[in-house]
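final.tsv follows; it contains TSV, C-alpha atoms.
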```
chain	number	residue	atom	x	y	z
A	1	MET	CA	27.31	38.15	-14.29
A	2	SER	CA	25.23	36.40	-16.96
A	3	TRP	CA	24.45	32.80	-17.82
A	4	ALA	CA	27.42	30.95	-19.33
A	5	ILE	CA	28.04	27.63	-21.08
A	6	ARG	CA	30.26	25.48	-18.86
A	7	LYS	CA	31.27	21.84	-18.69
A	8	PHE	CA	29.54	20.06	-15.81
A	9	GLY	CA	32.79	18.60	-14.49
A	10	ASP	CA	34.39	22.06	-14.33
A	11	VAL	CA	31.74	23.56	-12.05
A	12	VAL	CA	30.83	20.60	-9.82
A	13	GLN	CA	32.80	18.43	-7.40
A	14	PHE	CA	32.43	15.04	-9.06
A	15	PRO	CA	33.25	13.03	-7.05
A	16	PRO	CA	33.68	15.26	-4.00
A	17	GLN	CA	36.36	14.57	-1.41
A	18	VAL	CA	35.07	12.87	1.76
A	19	LYS	CA	37.34	11.46	4.46
A	20	LEU	CA	35.83	8.60	6.45
A	21	LYS	CA	37.75	6.85	9.23
A	22	LYS	CA	38.12	3.11	8.90
A	23	GLY	CA	36.25	1.20	11.62
A	24	LYS	CA	33.85	4.05	12.48
A	25	LEU	CA	30.10	4.00	12.01
A	26	TYR	CA	28.55	6.27	9.37
A	27	SER	CA	25.15	6.75	7.79
A	28	PHE	CA	24.65	4.15	5.05
A	29	ILE	CA	22.12	4.69	2.25
A	30	PRO	CA	21.35	1.73	-0.03
A	31	LEU	CA	20.08	2.28	-3.56
A	32	ASP	CA	16.66	0.90	-2.56
A	33	GLU	CA	16.11	3.93	-0.32
A	34	ILE	CA	16.19	6.35	-3.23
A	35	THR	CA	12.73	6.96	-4.66
A	36	ALA	CA	12.18	8.55	-8.06
A	37	GLY	CA	10.65	12.01	-7.76
A	38	LYS	CA	11.44	12.31	-4.04
A	39	LYS	CA	14.12	14.87	-3.24
A	40	TYR	CA	15.39	13.52	0.04
A	41	VAL	CA	16.69	10.03	0.69
A	42	GLY	CA	14.61	7.53	2.61
A	43	GLN	CA	15.62	5.33	5.50
A	44	GLN	CA	19.27	5.12	6.49
A	45	PHE	CA	21.17	3.16	9.10
A	46	LEU	CA	24.61	3.15	10.67
A	47	LYS	CA	27.24	0.87	9.17
A	48	GLU	CA	30.96	0.42	9.69
A	49	TRP	CA	33.25	1.96	7.07
A	50	LYS	CA	35.86	-0.65	6.20
A	51	GLY	CA	38.01	1.56	4.04
A	52	SER	CA	36.48	0.93	0.61
A	53	GLY	CA	33.38	-0.29	-1.16
A	54	GLY	CA	30.92	2.54	-1.62
A	55	ALA	CA	30.35	6.10	-2.75
A	56	LYS	CA	31.10	8.66	-0.01
A	57	PHE	CA	29.11	11.83	0.61
A	58	ILE	CA	28.11	14.50	3.13
A	59	GLU	CA	24.86	16.27	3.98
A	60	GLY	CA	23.38	17.93	0.88
A	61	ASP	CA	25.28	15.95	-1.76
A	62	THR	CA	23.31	14.57	-4.70
A	63	LEU	CA	23.22	10.77	-5.06
A	64	PHE	CA	22.73	9.94	-8.73
A	65	ALA	CA	22.11	6.31	-9.70
A	66	ARG	CA	24.45	5.49	-12.59
A	67	ILE	CA	23.18	1.99	-13.39
A	68	ASN	CA	20.10	0.87	-15.29
A	69	PRO	CA	17.23	0.47	-14.74
A	70	SER	CA	17.70	2.70	-11.67
A	71	LEU	CA	18.83	5.71	-13.71
A	72	GLN	CA	16.05	5.35	-16.28
A	73	ASN	CA	13.60	5.13	-13.37
A	74	GLY	CA	14.92	8.44	-11.99
A	75	LYS	CA	16.60	7.29	-8.77
A	76	ILE	CA	18.23	10.60	-7.84
A	77	SER	CA	18.06	12.09	-4.35
A	78	GLN	CA	19.80	14.46	-1.98
A	79	ALA	CA	21.44	13.21	1.21
A	80	LYS	CA	19.67	14.73	4.19
A	81	GLY	CA	19.39	14.07	7.90
A	82	LEU	CA	22.61	12.03	8.07
A	83	ASP	CA	23.17	10.95	11.67
A	84	THR	CA	26.90	11.60	11.39
A	85	GLY	CA	26.82	14.42	8.84
A	86	MET	CA	28.53	12.17	6.33
A	87	GLY	CA	28.06	8.68	5.02
A	88	PHE	CA	28.46	6.17	2.24
A	89	GLY	CA	26.28	4.02	0.05
A	90	SER	CA	26.04	1.98	-3.09
A	91	THR	CA	28.97	1.76	-5.49
A	92	GLU	CA	26.34	2.53	-8.15
A	93	TYR	CA	26.11	6.22	-7.20
A	94	PHE	CA	27.63	9.25	-8.80
A	95	VAL	CA	27.99	11.92	-6.11
A	96	PHE	CA	27.67	15.62	-7.02
A	97	ARG	CA	28.43	18.70	-4.90
A	98	GLY	CA	28.64	22.39	-5.71
A	99	ILE	CA	31.90	24.36	-5.68
A	100	GLU	CA	31.97	27.28	-3.25
A	101	GLY	CA	31.53	30.57	-5.04
A	102	ILE	CA	30.64	28.87	-8.33
A	103	THR	CA	27.70	26.49	-7.91
A	104	ASP	CA	24.98	25.99	-5.33
A	105	THR	CA	24.73	22.38	-4.13
A	106	ASP	CA	20.93	22.52	-3.99
A	107	PHE	CA	20.81	23.86	-7.55
A	108	ILE	CA	23.04	20.97	-8.66
A	109	TYR	CA	20.41	18.51	-7.42
A	110	TYR	CA	17.72	20.15	-9.55
A	111	LEU	CA	20.04	20.29	-12.54
A	112	SER	CA	20.72	16.55	-12.15
A	113	ILE	CA	17.01	15.61	-12.22
A	114	SER	CA	16.31	17.69	-15.32
A	115	HIS	CA	15.25	15.68	-18.35
A	116	GLU	CA	18.17	16.85	-20.51
A	117	PHE	CA	20.80	15.94	-17.91
A	118	LYS	CA	19.35	12.48	-17.25
A	119	GLU	CA	19.00	11.72	-20.95
A	120	ASN	CA	22.60	12.73	-21.52
A	121	ALA	CA	23.73	10.35	-18.77
A	122	ILE	CA	21.56	7.56	-20.15
A	123	GLY	CA	23.02	8.15	-23.61
A	124	SER	CA	26.53	7.63	-22.25
A	125	MET	CA	25.83	4.16	-20.90
A	126	VAL	CA	28.31	1.37	-21.54
A	127	GLY	CA	28.46	-2.27	-20.52
A	128	ALA	CA	26.46	-5.44	-20.90
A	129	SER	CA	22.75	-5.17	-21.61
A	130	GLY	CA	20.70	-4.96	-18.42
A	131	ARG	CA	23.67	-3.78	-16.30
A	132	GLN	CA	24.76	-0.72	-18.22
A	133	ARG	CA	26.29	2.21	-16.39
A	134	ALA	CA	26.60	5.90	-17.23
A	135	ASP	CA	30.10	6.98	-18.17
A	136	ALA	CA	31.57	9.44	-15.63
A	137	LYS	CA	33.91	11.13	-18.13
A	138	PHE	CA	31.05	11.68	-20.59
A	139	VAL	CA	28.84	13.15	-17.85
A	140	GLY	CA	31.65	15.46	-16.76
A	141	GLN	CA	31.98	16.79	-20.32
A	142	TYR	CA	28.27	17.62	-20.60
A	143	GLU	CA	27.77	21.33	-21.30
A	144	ILE	CA	25.25	23.22	-19.19
A	145	ASN	CA	23.95	26.78	-19.34
A	146	LEU	CA	25.00	27.90	-15.86
A	147	PRO	CA	23.27	30.89	-14.26
A	148	PRO	CA	25.01	33.25	-11.81
A	149	LEU	CA	25.29	31.90	-8.27
A	150	GLN	CA	22.51	34.10	-6.84
A	151	THR	CA	20.19	33.01	-9.65
A	152	GLN	CA	21.05	29.38	-8.92
A	153	LYS	CA	20.04	29.90	-5.30
A	154	ARG	CA	16.75	31.58	-6.29
A	155	ILE	CA	15.92	28.69	-8.63
A	156	ALA	CA	16.74	26.16	-5.91
A	157	ASP	CA	14.64	28.07	-3.35
A	158	ILE	CA	11.60	28.13	-5.65
A	159	LEU	CA	11.77	24.41	-6.37
A	160	SER	CA	12.68	23.47	-2.78
A	161	ALA	CA	9.48	25.08	-1.54
A	162	TYR	CA	7.54	22.34	-3.38
A	163	ASP	CA	9.81	19.55	-2.15
A	164	ASP	CA	9.65	20.77	1.45
A	165	LEU	CA	5.84	20.65	1.34
A	166	ILE	CA	6.05	17.13	-0.11
A	167	GLU	CA	8.45	16.09	2.66
A	168	ASN	CA	6.16	17.49	5.38
A	169	ASN	CA	3.22	15.56	3.92
A	170	LEU	CA	5.29	12.38	3.86
A	171	LYS	CA	6.13	12.82	7.55
A	172	ARG	CA	2.43	13.18	8.36
A	173	ILE	CA	1.65	10.09	6.27
A	174	LYS	CA	4.30	8.06	8.07
A	175	LEU	CA	2.82	8.98	11.44
A	176	LEU	CA	-0.69	8.03	10.27
A	177	GLU	CA	0.51	4.69	8.87
A	178	GLN	CA	2.45	3.93	12.04
A	179	ALA	CA	-0.60	4.72	14.16
A	180	ALA	CA	-2.76	2.36	12.05
A	181	GLN	CA	-0.15	-0.38	12.33
A	182	ASN	CA	0.13	0.11	16.12
A	183	ILE	CA	-3.64	-0.09	16.57
A	184	TYR	CA	-3.75	-3.25	14.43
A	185	LYS	CA	-1.07	-4.91	16.58
A	186	GLU	CA	-2.74	-3.83	19.81
A	187	TRP	CA	-6.16	-5.16	18.77
A	188	PHE	CA	-5.33	-8.24	16.71
A	189	VAL	CA	-1.94	-9.40	18.01
A	190	ASN	CA	-1.97	-8.33	21.66
A	191	LEU	CA	-5.78	-8.82	21.77
A	192	ARG	CA	-6.31	-5.53	23.62
A	193	PHE	CA	-9.35	-4.38	21.65
A	194	PRO	CA	-12.21	-2.35	23.14
A	195	GLY	CA	-13.98	-4.51	25.72
A	196	TYR	CA	-11.29	-7.20	25.83
A	197	GLU	CA	-11.35	-7.19	29.65
A	198	ASN	CA	-14.84	-8.71	29.67
A	199	THR	CA	-14.40	-11.06	26.72
A	200	PHE	CA	-14.16	-14.83	27.16
A	201	ILE	CA	-10.96	-16.43	25.75
A	202	ASN	CA	-11.30	-19.83	24.13
A	203	GLU	CA	-8.62	-22.01	25.75
A	204	GLU	CA	-8.39	-24.30	22.75
A	205	THR	CA	-7.74	-21.55	20.16
A	206	GLY	CA	-6.36	-18.84	22.43
A	207	LEU	CA	-8.70	-16.38	20.72
A	208	PRO	CA	-11.57	-14.31	22.10
A	209	LYS	CA	-15.08	-15.67	21.76
A	210	GLY	CA	-16.41	-15.12	18.23
A	211	TRP	CA	-12.92	-14.88	16.73
A	212	ALA	CA	-11.29	-17.45	14.45
A	213	TYR	CA	-8.11	-18.15	12.53
A	214	GLY	CA	-8.66	-17.40	8.87
A	215	VAL	CA	-7.05	-16.15	5.69
A	216	VAL	CA	-7.01	-12.91	3.72
A	217	SER	CA	-9.66	-14.14	1.26
A	218	ASP	CA	-12.10	-14.38	4.20
A	219	LEU	CA	-11.88	-10.59	4.42
A	220	CYS	CA	-11.66	-9.44	0.81
A	221	GLN	CA	-11.32	-10.45	-2.82
A	222	VAL	CA	-7.86	-10.76	-4.37
A	223	LYS	CA	-7.53	-10.33	-8.13
A	224	SER	CA	-4.66	-9.89	-10.58
A	225	GLY	CA	-4.18	-7.15	-13.16
A	226	TYR	CA	-4.78	-7.19	-16.89
A	227	ALA	CA	-2.26	-8.70	-19.33
A	228	PHE	CA	-1.71	-5.76	-21.68
A	229	LYS	CA	0.10	-6.64	-24.90
A	230	SER	CA	3.41	-4.99	-25.78
A	231	LYS	CA	1.95	-3.42	-28.93
A	232	GLN	CA	-0.72	-1.67	-26.83
A	233	TRP	CA	1.71	0.54	-24.92
A	234	LYS	CA	1.70	4.24	-25.82
A	235	LYS	CA	3.74	7.28	-24.82
A	236	GLU	CA	0.63	8.97	-23.42
A	237	GLY	CA	-2.97	8.17	-22.61
A	238	ASN	CA	-4.44	6.28	-19.64
A	239	PRO	CA	-1.80	5.39	-17.01
A	240	VAL	CA	-1.23	1.73	-16.14
A	241	ILE	CA	0.15	0.82	-12.73
A	242	LYS	CA	3.09	-1.59	-12.73
A	243	ILE	CA	5.11	-2.98	-9.83
A	244	LYS	CA	7.68	-0.19	-10.13
A	245	ASN	CA	4.93	2.37	-9.46
A	246	ILE	CA	4.35	1.00	-5.94
A	247	ASN	CA	6.61	2.81	-3.47
A	248	ASN	CA	6.38	3.87	0.17
A	249	ASN	CA	2.93	2.28	0.58
A	250	THR	CA	1.38	4.34	-2.19
A	251	VAL	CA	1.20	4.42	-5.98
A	252	SER	CA	2.95	7.01	-8.12
A	253	LEU	CA	2.08	7.79	-11.73
A	254	ASN	CA	5.72	8.72	-12.43
A	255	ASP	CA	7.14	6.62	-15.25
A	256	SER	CA	3.91	4.65	-15.68
A	257	GLY	CA	2.96	2.97	-18.95
A	258	PHE	CA	0.01	4.23	-21.01
A	259	VAL	CA	-2.75	2.76	-23.16
A	260	ASP	CA	-5.28	4.49	-25.38
A	261	ASP	CA	-9.02	4.77	-24.67
A	262	GLU	CA	-9.91	1.78	-26.84
A	263	VAL	CA	-7.62	-0.56	-24.91
A	264	ALA	CA	-8.72	1.00	-21.61
A	265	ASP	CA	-12.34	0.17	-22.43
A	266	VAL	CA	-11.40	-3.48	-22.95
A	267	ALA	CA	-9.62	-3.45	-19.56
A	268	LYS	CA	-12.38	-1.53	-17.73
A	269	LYS	CA	-12.77	-4.30	-15.11
A	270	TYR	CA	-9.21	-3.46	-14.04
A	271	GLU	CA	-9.72	0.26	-13.49
A	272	LEU	CA	-8.43	1.49	-10.14
A	273	PHE	CA	-10.13	3.96	-7.83
A	274	THR	CA	-9.14	6.17	-4.91
A	275	GLY	CA	-8.72	4.03	-1.79
A	276	ASP	CA	-7.94	0.78	-3.61
A	277	VAL	CA	-5.00	-1.21	-2.24
A	278	VAL	CA	-2.63	-3.03	-4.60
A	279	ILE	CA	0.24	-5.46	-3.95
A	280	ALA	CA	3.38	-6.46	-5.88
A	281	MET	CA	3.27	-10.14	-6.86
A	282	THR	CA	6.70	-10.56	-8.48
A	283	GLY	CA	10.31	-9.47	-8.04
A	284	ALA	CA	12.56	-8.19	-5.29
A	285	THR	CA	9.77	-6.06	-3.80
A	286	VAL	CA	7.13	-8.80	-3.78
A	287	GLY	CA	4.56	-8.12	-1.07
A	288	LYS	CA	4.86	-4.34	-0.98
A	289	VAL	CA	1.47	-2.66	-0.91
A	290	GLY	CA	0.26	0.68	-2.20
A	291	LEU	CA	-2.80	2.78	-1.40
A	292	ILE	CA	-4.26	4.53	-4.44
A	293	PRO	CA	-4.27	8.29	-3.69
A	294	LYS	CA	-6.86	10.84	-4.73
A	295	ILE	CA	-6.40	11.03	-8.50
A	296	ASP	CA	-7.89	12.83	-11.48
A	297	ASN	CA	-6.89	10.19	-14.04
A	298	ARG	CA	-8.47	6.92	-15.07
A	299	ILE	CA	-5.77	4.39	-14.19
A	300	TYR	CA	-5.54	0.64	-14.76
A	301	LEU	CA	-3.83	-2.36	-13.21
A	302	ASN	CA	-1.14	-4.33	-15.00
A	303	GLN	CA	-0.56	-8.08	-14.63
A	304	ARG	CA	1.59	-9.28	-11.72
A	305	VAL	CA	0.07	-6.60	-9.51
A	306	GLY	CA	-2.69	-7.77	-7.18
A	307	LEU	CA	-5.76	-5.83	-6.07
A	308	PHE	CA	-7.78	-6.12	-2.88
A	309	ARG	CA	-11.49	-5.39	-3.18
A	310	PRO	CA	-14.30	-5.59	-0.56
A	311	LEU	CA	-16.45	-8.73	-0.48
A	312	SER	CA	-19.47	-6.42	-0.54
A	313	GLU	CA	-20.44	-2.81	0.21
A	314	GLU	CA	-21.54	-3.89	3.69
A	315	ASN	CA	-18.44	-6.01	4.28
A	316	ASN	CA	-15.55	-3.65	3.59
A	317	ASN	CA	-12.33	-4.64	5.37
A	318	ILE	CA	-9.81	-2.88	3.11
A	319	ALA	CA	-8.58	-0.64	5.96
A	320	LEU	CA	-7.84	-3.76	8.00
A	321	VAL	CA	-6.16	-5.56	5.09
A	322	PHE	CA	-3.94	-2.54	4.35
A	323	SER	CA	-2.92	-2.30	8.02
A	324	PHE	CA	-2.21	-6.04	8.16
A	325	PHE	CA	0.09	-5.91	5.13
A	326	LEU	CA	2.20	-3.26	6.85
A	327	THR	CA	3.16	-5.83	9.50
A	328	ASP	CA	6.28	-8.01	9.50
A	329	ASP	CA	4.13	-11.13	9.90
A	330	SER	CA	2.30	-10.57	6.62
A	331	GLN	CA	5.50	-9.81	4.74
A	332	GLN	CA	7.20	-12.93	6.06
A	333	GLN	CA	4.25	-15.05	4.91
A	334	VAL	CA	4.49	-13.46	1.45
A	335	LEU	CA	8.19	-14.33	1.30
A	336	ASN	CA	7.49	-17.91	2.41
A	337	PHE	CA	5.07	-18.33	-0.50
A	338	ALA	CA	7.35	-16.53	-2.96
A	339	GLN	CA	10.56	-18.44	-2.25
A	340	GLY	CA	11.79	-21.30	-4.39
A	341	ALA	CA	11.59	-19.74	-7.84
A	342	ALA	CA	14.40	-17.98	-9.70
A	343	GLN	CA	12.41	-14.79	-9.24
A	344	PRO	CA	10.21	-14.29	-6.15
A	345	ASN	CA	6.62	-14.77	-7.22
A	346	ILE	CA	3.26	-15.10	-5.49
A	347	SER	CA	-0.14	-15.82	-6.98
A	348	GLY	CA	-3.47	-14.24	-6.16
A	349	SER	CA	-4.68	-17.46	-4.54
A	350	GLU	CA	-1.55	-17.61	-2.37
A	351	ILE	CA	-2.08	-14.02	-1.23
A	352	GLY	CA	-5.65	-15.00	-0.39
A	353	ASN	CA	-4.31	-17.88	1.72
A	354	ILE	CA	-2.10	-15.74	3.95
A	355	LYS	CA	-3.15	-16.42	7.54
A	356	LEU	CA	-4.33	-14.01	10.21
A	357	SER	CA	-6.73	-13.91	13.13
A	358	ILE	CA	-10.19	-12.60	12.28
A	359	ALA	CA	-12.26	-10.82	14.88
A	360	ASP	CA	-16.02	-10.93	15.26
A	361	SER	CA	-18.04	-8.60	13.07
A	362	LYS	CA	-18.40	-5.95	15.78
A	363	VAL	CA	-14.64	-5.56	16.34
A	364	LEU	CA	-13.96	-5.66	12.59
A	365	SER	CA	-16.50	-2.90	12.02
A	366	GLU	CA	-15.09	-0.76	14.85
A	367	PHE	CA	-11.53	-1.12	13.57
A	368	ASN	CA	-12.39	-0.23	9.98
A	369	LYS	CA	-14.43	2.79	11.09
A	370	LEU	CA	-11.56	3.93	13.33
A	371	ILE	CA	-8.84	3.59	10.68
A	372	LYS	CA	-10.75	4.76	7.59
A	373	PRO	CA	-10.46	8.53	8.34
A	374	SER	CA	-6.68	8.12	8.60
A	375	LEU	CA	-6.56	6.31	5.27
A	376	ASP	CA	-8.74	9.01	3.70
A	377	LEU	CA	-6.29	11.65	4.93
A	378	ILE	CA	-3.34	9.60	3.64
A	379	GLN	CA	-5.01	9.42	0.22
A	380	THR	CA	-5.51	13.19	0.25
A	381	LEU	CA	-1.92	13.90	1.27
A	382	TYR	CA	-0.55	11.58	-1.41
A	383	GLY	CA	-2.83	13.24	-3.93
A	384	GLN	CA	-1.51	16.65	-2.88
A	385	ASN	CA	2.05	15.39	-3.27
A	386	GLN	CA	1.43	14.19	-6.81
A	387	LYS	CA	0.07	17.62	-7.73
A	388	LEU	CA	3.04	19.34	-6.04
A	389	LYS	CA	5.44	17.10	-7.97
A	390	ALA	CA	3.64	17.85	-11.22
A	391	ALA	CA	3.83	21.60	-10.58
A	392	ARG	CA	7.52	21.36	-9.67
A	393	ASP	CA	8.27	19.30	-12.78
A	394	ILE	CA	6.56	21.90	-14.97
A	395	LEU	CA	8.57	24.72	-13.38
A	396	LEU	CA	11.93	22.93	-13.46
A	397	PRO	CA	12.68	23.05	-17.21
A	398	ARG	CA	11.25	26.56	-17.52
A	399	LEU	CA	13.57	27.83	-14.81
A	400	MET	CA	16.55	25.96	-16.25
A	401	ASN	CA	16.08	27.22	-19.82
A	402	ARG	CA	15.21	30.79	-18.76
A	403	THR	CA	11.62	30.65	-19.99
A	404	ILE	CA	10.78	32.08	-16.56
A	405	ILE	CA	12.98	34.97	-15.49
A	406	THR	CA	14.27	34.67	-11.92
```

Mind turning this structure into structure tokens?
Amino acid sequence: MSWAIRKFGDVVQFPPQVKLKKGKLYSFIPLDEITAGKKYVGQQFLKEWKGSGGAKFIEGDTLFARINPSLQNGKISQAKGLDTGMGFGSTEYFVFRGIEGITDTDFIYYLSISHEFKENAIGSMVGASGRQRADAKFVGQYEINLPPLQTQKRIADILSAYDDLIENNLKRIKLLEQAAQNIYKEWFVNLRFPGYENTFINEETGLPKGWAYGVVSDLCQVKSGYAFKSKQWKKEGNPVIKIKNINNNTVSLNDSGFVDDEVADVAKKYELFTGDVVIAMTGATVGKVGLIPKIDNRIYLNQRVGLFRPLSEENNNIALVFSFFLTDDSQQQVLNFAQGAAQPNISGSEIGNIKLSIADSKVLSEFNKLIKPSLDLIQTLYGQNQKLKAARDILLPRLMNRTIIT
């Protein structure tokens, strides 16, 4: 068999048939748990199926965000690791599945993330500005150049090798972040730091001798990003990190804005470096932090994104600050500051005023030295993932348009 032009809706189950039993618990995947450029869905939880109100799917199905800006941002993932083997999620998903003997379900995922397919779906959007949705009938009529089934599987295997490496790195990163968070809680919340058994506790404060209650700005500087003008944005050049680029405690260059060298020189005080930690200051994800991975680009910080920097070379507490902002306590304080406005918003000074207990210099130094190697490894793993994604994204269109023979 050879490649053939076929209508997408004729060779894919769209939507596929899934039978869920009313009143039973199934895996639920909200739209927030789909990350652009990440093949497999993020966190899921069990939720009762009440008979309606959500897209239904099984293990391996592709979840394709049909609403903007989620679709433009590339929120497309494959359901994996479902506790019940099947589940449901946002009403804003299209769900795709291969047809036995005709299309490979894994191949369908890679087809759906291709630039041409996404742009076709975006071009079909209807509805009010800001809440437009892709048109299912239009997407179903889209013509694709479909390879034979065995070729589909070879293409999917090649691309999956990259995504599986990315997934393994993400699992390692999660373990490292959890370990850092656990150590932070043990030392600074439970007060079980090295030598705590022989440390005097101040009855008035409840803190060990030499410790004090303080705020984030006692540990580091907090600064906001640069206010780039709309006319300065380019289609290529030096990447600029916006709030949407902060995901899963790191920063991705996917779908970033760009400025030319001349503008970058003006904004040189806002250049970011490997190991920097940034924080979202506005919107639904206010308070989320991201660790800058090992990067080859010069990248810059946009307004409404905050940056933590050491007070001095000798007084570097960024590892501690990053670990603290992974805790529920820090996030609740951010929300307390951000509430009250139409859109959640927090200033740099308010971030600096978030409260925490501050250890003596010896304990601070020991903690930062202990955690820094883990953060260095996290940076490396995230850097590897960005290179793996870039390589995969270069291969994808070449495999799909037969530039590379499989």

**Request:** Determine, counting only C-alpha atoms, which protein, DNA and RNA residues have an atom within 8 Å of an atom of Gly60 in chain A; residues of the same chain fewer than 6 positions away are not included. Present the result as a ChimeraX atom specification.
**Result:** /A:78-80,97,105-106

**Item:** Shell of 8 Å around Asp260 in chain A, only C-alpha atoms, local chain residues under 4 positions omitted, as a PyMOL selection string
**Value:** chain A and resi 232+234+236-238+264

**Test item: residues at most 12 Å from Asp296 in chain A, all atoms listed in the file, excluding those fewer than 2 positions along its chain, as a list in words** =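 That gives Asn238, Pro239, Leu253, Leu272, Phe273, Thr274, Ile292, Pro293, Lys294, Arg298, Ile299, Thr380, Gly383, Gln384, Gln386 and Lys387 of chain A.
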
**Prompt:** A:Tyr40, A:Phe337, A:Gln343, A:Asp265: which is nearest Asp164 in chain A, counting all atoms listed in the file?
**Reply:**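 Using all atoms listed in the file, the shortest distance to Asp164 in chain A belongs to A:Tyr40.
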
**Item:** Exercise: Ile122 in chain A partners within 10 Å, all atoms listed in the file, chain neighbours under 5 positions left out, as JSON, numbers by chain
**Value:** {"A": [66, 67, 68, 69, 71, 72, 116, 117, 132, 133, 134, 135, 139]}

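Nearest to Trp233 in chain A of all the residues A:Phe258, A:Phe308, A:Phe94, A:Tyr109 is A:Phe258, based on all atoms listed in the file.
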
**Prompt:** Smallest atom-to-atom distance to Lys39 in chain A: which of A:Arg131, A:Lys244, A:Lys75, A:Lys22, using only C-alpha atoms?
**Reply:**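 Among the listed residues, the smallest separation from Lys39 in chain A belongs to A:Lys75.
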
**Pairwise distance for CA of Lys235 in chain A and CA of Leu301 in chain A, rounded to one decimal in Å** =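 A separation of 16.9 Å between them.
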
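Of the listed residues A:Thr282, A:Ser361, A:Asn182, A:Thr151, the one whose atoms come nearest to Asn315 in chain A is A:Ser361, with distances taken using all atoms listed in the file.
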
**Prompt:** Which neighbours of Ile378 in chain A fall inside 7 Å, counting all atoms listed in the file, when residues of the same chain fewer than 4 positions from it are skipped, and could you give them as a count of residues only?
**Reply:** 3

**Request:** Take CA of Ile5 in chain A and CA of Ile155 in chain A and report the distance between them in Å, one decimal.
**Result:**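 Computing it gives 17.4 Å between the two atoms.
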
**Prompt:** Which is closest to Asn145 in chain A among A:Leu25, A:Leu399, A:Ile166, A:Ile246, if we use only C-alpha atoms?
**Reply:** A:Leu399

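Note that the spacing between CA of Ser349 in chain A and CA of Val216 in chain A amounts to 9.7 Å.
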
For range 355-359 of chain A, supply all heavy atoms and report the output as a PDB file, in the frame of the given file.
```
ATOM      1  N   LYS A 355      -2.385 -16.208   6.311  1.00  0.00           N
ATOM      2  CA  LYS A 355      -3.150 -16.420   7.540  1.00  0.00           C
ATOM      3  C   LYS A 355      -3.127 -15.202   8.456  1.00  0.00           C
ATOM      4  O   LYS A 355      -2.147 -14.464   8.530  1.00  0.00           O
ATOM      5  CB  LYS A 355      -2.576 -17.627   8.289  1.00  0.00           C
ATOM      6  CG  LYS A 355      -2.669 -18.930   7.503  1.00  0.00           C
ATOM      7  CD  LYS A 355      -2.010 -20.069   8.269  1.00  0.00           C
ATOM      8  CE  LYS A 355      -2.078 -21.370   7.474  1.00  0.00           C
ATOM      9  NZ  LYS A 355      -1.395 -22.485   8.167  1.00  0.00           N
ATOM     10  N   LEU A 356      -4.221 -15.041   9.179  1.00  0.00           N
ATOM     11  CA  LEU A 356      -4.330 -14.010  10.210  1.00  0.00           C
ATOM     12  C   LEU A 356      -5.515 -14.352  11.098  1.00  0.00           C
ATOM     13  O   LEU A 356      -6.348 -15.189  10.741  1.00  0.00           O
ATOM     14  CB  LEU A 356      -4.493 -12.631   9.602  1.00  0.00           C
ATOM     15  CG  LEU A 356      -5.846 -12.235   8.954  1.00  0.00           C
ATOM     16  CD1 LEU A 356      -5.848 -10.733   8.674  1.00  0.00           C
ATOM     17  CD2 LEU A 356      -6.147 -13.004   7.696  1.00  0.00           C
ATOM     18  N   SER A 357      -5.575 -13.717  12.254  1.00  0.00           N
ATOM     19  CA  SER A 357      -6.730 -13.910  13.130  1.00  0.00           C
ATOM     20  C   SER A 357      -7.820 -12.926  12.740  1.00  0.00           C
ATOM     21  O   SER A 357      -7.530 -11.756  12.448  1.00  0.00           O
ATOM     22  CB  SER A 357      -6.344 -13.737  14.597  1.00  0.00           C
ATOM     23  OG  SER A 357      -5.787 -12.463  14.824  1.00  0.00           O
ATOM     24  N   ILE A 358      -9.050 -13.417  12.718  1.00  0.00           N
ATOM     25  CA  ILE A 358     -10.190 -12.600  12.280  1.00  0.00           C
ATOM     26  C   ILE A 358     -11.144 -12.395  13.451  1.00  0.00           C
ATOM     27  O   ILE A 358     -11.618 -13.371  14.060  1.00  0.00           O
ATOM     28  CB  ILE A 358     -10.910 -13.252  11.099  1.00  0.00           C
ATOM     29  CG1 ILE A 358      -9.937 -13.380   9.916  1.00  0.00           C
ATOM     30  CG2 ILE A 358     -12.127 -12.430  10.695  1.00  0.00           C
ATOM     31  CD1 ILE A 358     -10.531 -14.070   8.708  1.00  0.00           C
ATOM     32  N   ALA A 359     -11.400 -11.153  13.754  1.00  0.00           N
ATOM     33  CA  ALA A 359     -12.260 -10.820  14.880  1.00  0.00           C
ATOM     34  C   ALA A 359     -13.729 -11.011  14.529  1.00  0.00           C
ATOM     35  O   ALA A 359     -14.088 -11.247  13.368  1.00  0.00           O
ATOM     36  CB  ALA A 359     -12.011  -9.370  15.297  1.00  0.00           C
TER      37      ALA A 359
END
```
